[in-house]
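Here the structure comes first, spelled out in structure tokens, and everything after it is commentary.
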Amino acid sequence: MDLSDRLDVWLQLAESCGLSTLQQGVQHIWILLVLCLLCRFSLRLGLSSMKHIVSMLCGACGLFLFFDHNMLWVVLLAVLCYLVLFLSQHSNSRGLLLSALILIYLLTGELHLIDMVTWNKIRGAQMVVAMKAISLAFDMDRGTVTCLPSPFEFLGYILFVGTVVFGPWISFSSYREAIEGKKLSWSWFQNSSLSLLKSQICLLISTCVAPYLFPLFIPIQGNQVTSKWLYAYENAVSFHFSNYFVGHLSEGTSMLAGAGFTEEKDNIKWDMSVVKPLSVAMPRSMEMVVTAWNIPMSRFLKTYVFRNALKLGTFPAILLTYTASALLHGLSFHLGAVLLSLGFITYVEHVLRKKLAAIFSACILSRTCSPDCSHQHQKEYWVMLLNIFFSLLTIFHLTYLGSMFDPGVDEQELEEGYAAIHTIQRWSELNWTSHWVVFACWVFYRLI
């Protein structure tokens with residue numbers, strides 16, 4: 001295909017896919033953006049006693065907009081969480097108690113109460129509500145939050161319109177700062193709009209570019225083996241950009257509603273960051289990818305799961321953290337398989353690079369060393385080559401793990417969630433290569 005033919009195809013794709021994708025994207029979110037602005041202006045101008053009610057009502061409207069009457073399942077979870085917190089005010093284990101209740105509720109709802117299509121639609125909102133309630137319970141156990149919030153304050157936090165539909169998780173203290181109603185500024189509007197623009201660009205790439213990456217945009221063709229991996233990479237890129245779309249959209253809605261800022265003296269910076277695409281596309285390690293994939297959720301898991309489980313040992317803590325993440329995402333075989341595989345990959349990579357860094361006294365750890373680290377070798381060429389090798393290995397793992405998120409499957413399968421056979425089939429086509437590589441790395445780590 002020469003350049004002129006390629007340009008014609010690009011123009012046809014822009015007209016048939018690009019314009020319709022943008023139009024549908026705007027149609028789905030514009031009312032939510034209006035609700036975020038309404039909440040922002042109300043928090044800025046309203047009475048302090050009404051702010052939590054405004055936040056709660058705007059969030060409820062946002063839920064109804066996206067989920068119709070199925071929003072009641074999300075609200076029911078929020079009410080049950082408050083009831084448990086109220087009844088366990090004098091307990092020192094509210095976090096564990098509430099976590100167990102939420103797990104039972106999610107599993108019961110998924111297995112017995114709701115059909116899979118409906119559950120998959122509300123799964124993200126359920127997860128955000130669960131994370132907020134669990135973090136509040138643990139903060140109360142630790143004394144960070146001194147007393148149980150009032151029902152309106154609790155529901156205002158749980159149903160905060162900027163985060164209730166697409167996320168992200170925010171702490172109770174961040175919500176309290178948001179309802180103070182910081183003054184309107186150009187920086188607030190600019191950063192909110194920029195995040196929303198990024199989200200639409202990511203949506204375009206996920207829908208109209210990534211599925212046609214090879215050879216339409218990048219003229220690479222190969223044999224039967226390489227074609228499988230190129231197709232897997234297309235699927236992974238499409239899935240990655242769909243995550244970036246949600247991440248940047250949640251940044252925009254959060255800031256638009258008044259959350260997502262840091263304050264230093266009198267200087268307010270609207271710097272909500274949910275996802276870092278460059279850190280995923282050009283990763284140093286899988287550990288950095290996991291953090292950059294969803295920064296608030298990574299912070300939540302590290303603060304409320306990993307640190308509490310660390311007394312069991314590093315590997316059990318990592319495994320428990322990824323298990324908790326899988327359970328929060330619901331009983332989805334493909335997500336559970338990916339997350340648990342990520343746990344093993346992250347652990348093996350971490351201990352292997354730590355051992356190699358100690359042997360060679362080189363800056364090849366999973367995370368970038370500080371400038372004053374004690375390693376003798378920091379910027380030599382062989383150190384850079386080793387880090388590049390691990391970066392390429394991470395991209396290989398991401399391609400393998402993302403291969404199952406096939407945008408070409410039928411709509412019903414997408415709505416009901418991928419079946420277990422789909423995951424097994426995709427990884428079988430790639431000969432379970434990533435898992436074998438991880439096993440080989442673990443054996444090498446044990447030998448040295």
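Here's how to read the names in the structure tokens: chain A, B, ... by the order shown, residue numbers from 1 in each chain, ligand numbers from 1 in the order shown.
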For range 229-235 of chain A: contacts at 6 Å, only C-alpha atoms, fewer than 2 positions along chain excluded, given as a VMD selection string: chain A and resid 210 to 211 226 to 227 237 to 238 399 403 405 to 406
Exercise: range 92-101 of chain A partners within 8 Å, only C-alpha atoms, chain neighbours under 3 positions left out, as a PyMOL selection string: chain A and resi 81+84-85+88-89+104-105+133-138+140-141
Who sits within 12 Å of Leu386 in chain A, only C-alpha atoms, same chain under 2 positions skipped, as number ranges by chain: A: 284-285, 353, 356-357, 360, 362-366, 377-384, 388-393
Restrict the calculation to only C-alpha atoms, then for each residue of range 98-198 of chain A with any atom at most 10 Å from an atom of range 23-42 of chain A give the closest atom pair and their distance in Å to one decimal, rows by chain and rising residue number, as CSV.
residue,atom,partner,partner_atom,distance
A:Phe160,CA,A:Cys39,CA,9.0
A:Val161,CA,A:Cys36,CA,6.2
A:Gly162,CA,A:Cys36,CA,6.0
A:Thr163,CA,A:Cys36,CA,9.6
A:Val165,CA,A:Leu32,CA,9.0
A:Ala178,CA,A:Arg40,CA,8.9
A:Ile179,CA,A:Arg40,CA,8.4
A:Gly181,CA,A:Arg40,CA,7.0
A:Lys182,CA,A:Arg40,CA,8.9
A:Lys183,CA,A:Phe41,CA,9.5
A:Leu184,CA,A:Phe41,CA,8.7
A:Leu196,CA,A:Leu33,CA,9.8
Test item, helix (DSSP H, G or I) assignment across range 239-379 of chain A, answer as a ChimeraX atom specification: /A:239-257,277-281,286-293,295-312,314-329,333-360
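For range 199-331 of chain A, the set of residues given strand (DSSP E) by DSSP on the backbone reads Thr262, Glu263, Glu264, Asn267, Ile268 and Lys269 of chain A.
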Please produce a file of the residues just selected, as a compact mmCIF listing (two decimals), in the first residue's frame, where the atoms kept are N, CA and C atoms.
# COMPACT_ATOMS: atom_id res chain seq x y z
N THR A 262 -3.68 20.34 45.07
CA THR A 262 -2.78 20.42 46.23
C THR A 262 -2.60 21.88 46.58
N GLU A 263 -2.46 22.13 47.87
CA GLU A 263 -2.39 23.52 48.34
C GLU A 263 -1.11 23.72 49.13
N GLU A 264 -0.33 24.70 48.72
CA GLU A 264 0.88 25.08 49.42
C GLU A 264 0.77 26.55 49.76
N ASN A 267 -1.08 29.01 47.46
CA ASN A 267 -0.99 28.59 46.07
C ASN A 267 -1.71 27.26 45.88
N ILE A 268 -2.73 27.25 45.01
CA ILE A 268 -3.51 26.04 44.73
C ILE A 268 -3.13 25.52 43.35
N LYS A 269 -2.70 24.26 43.29
CA LYS A 269 -2.34 23.62 42.02
C LYS A 269 -3.35 22.53 41.71
Option closest in space to Thr303 in chain A, from A:Arg142, A:His397, A:Lys198, A:Arg6 [counting only C-alpha atoms]: A:Arg142
Gap from CA of Gly252 in chain A to CA of Leu197 in chain A - Å, one decimal: 8.8 Å
Pro168 in chain A surroundings by only C-alpha atoms, 12 Å radius, close-in-sequence under 4 positions cut, as an MDAnalysis selection string: chainID A and resid 124:132 158:164 174:175 246:255 259:260 272:275 293:300
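Across A:Gln376, A:Asn191, A:Thr146, A:Ser428, the tightest approach to Ala358 in chain A is made by A:Gln376 when counting only C-alpha atoms.
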Top pick for closest residue to His52 in chain A, considering A:His334, A:Arg446, A:Arg176, A:His240 and counting only C-alpha atoms: A:Arg176
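Computed from the coordinates, the CA of Ser49 in chain A to CA of Glu177 in chain A distance equals 14.9 Å.
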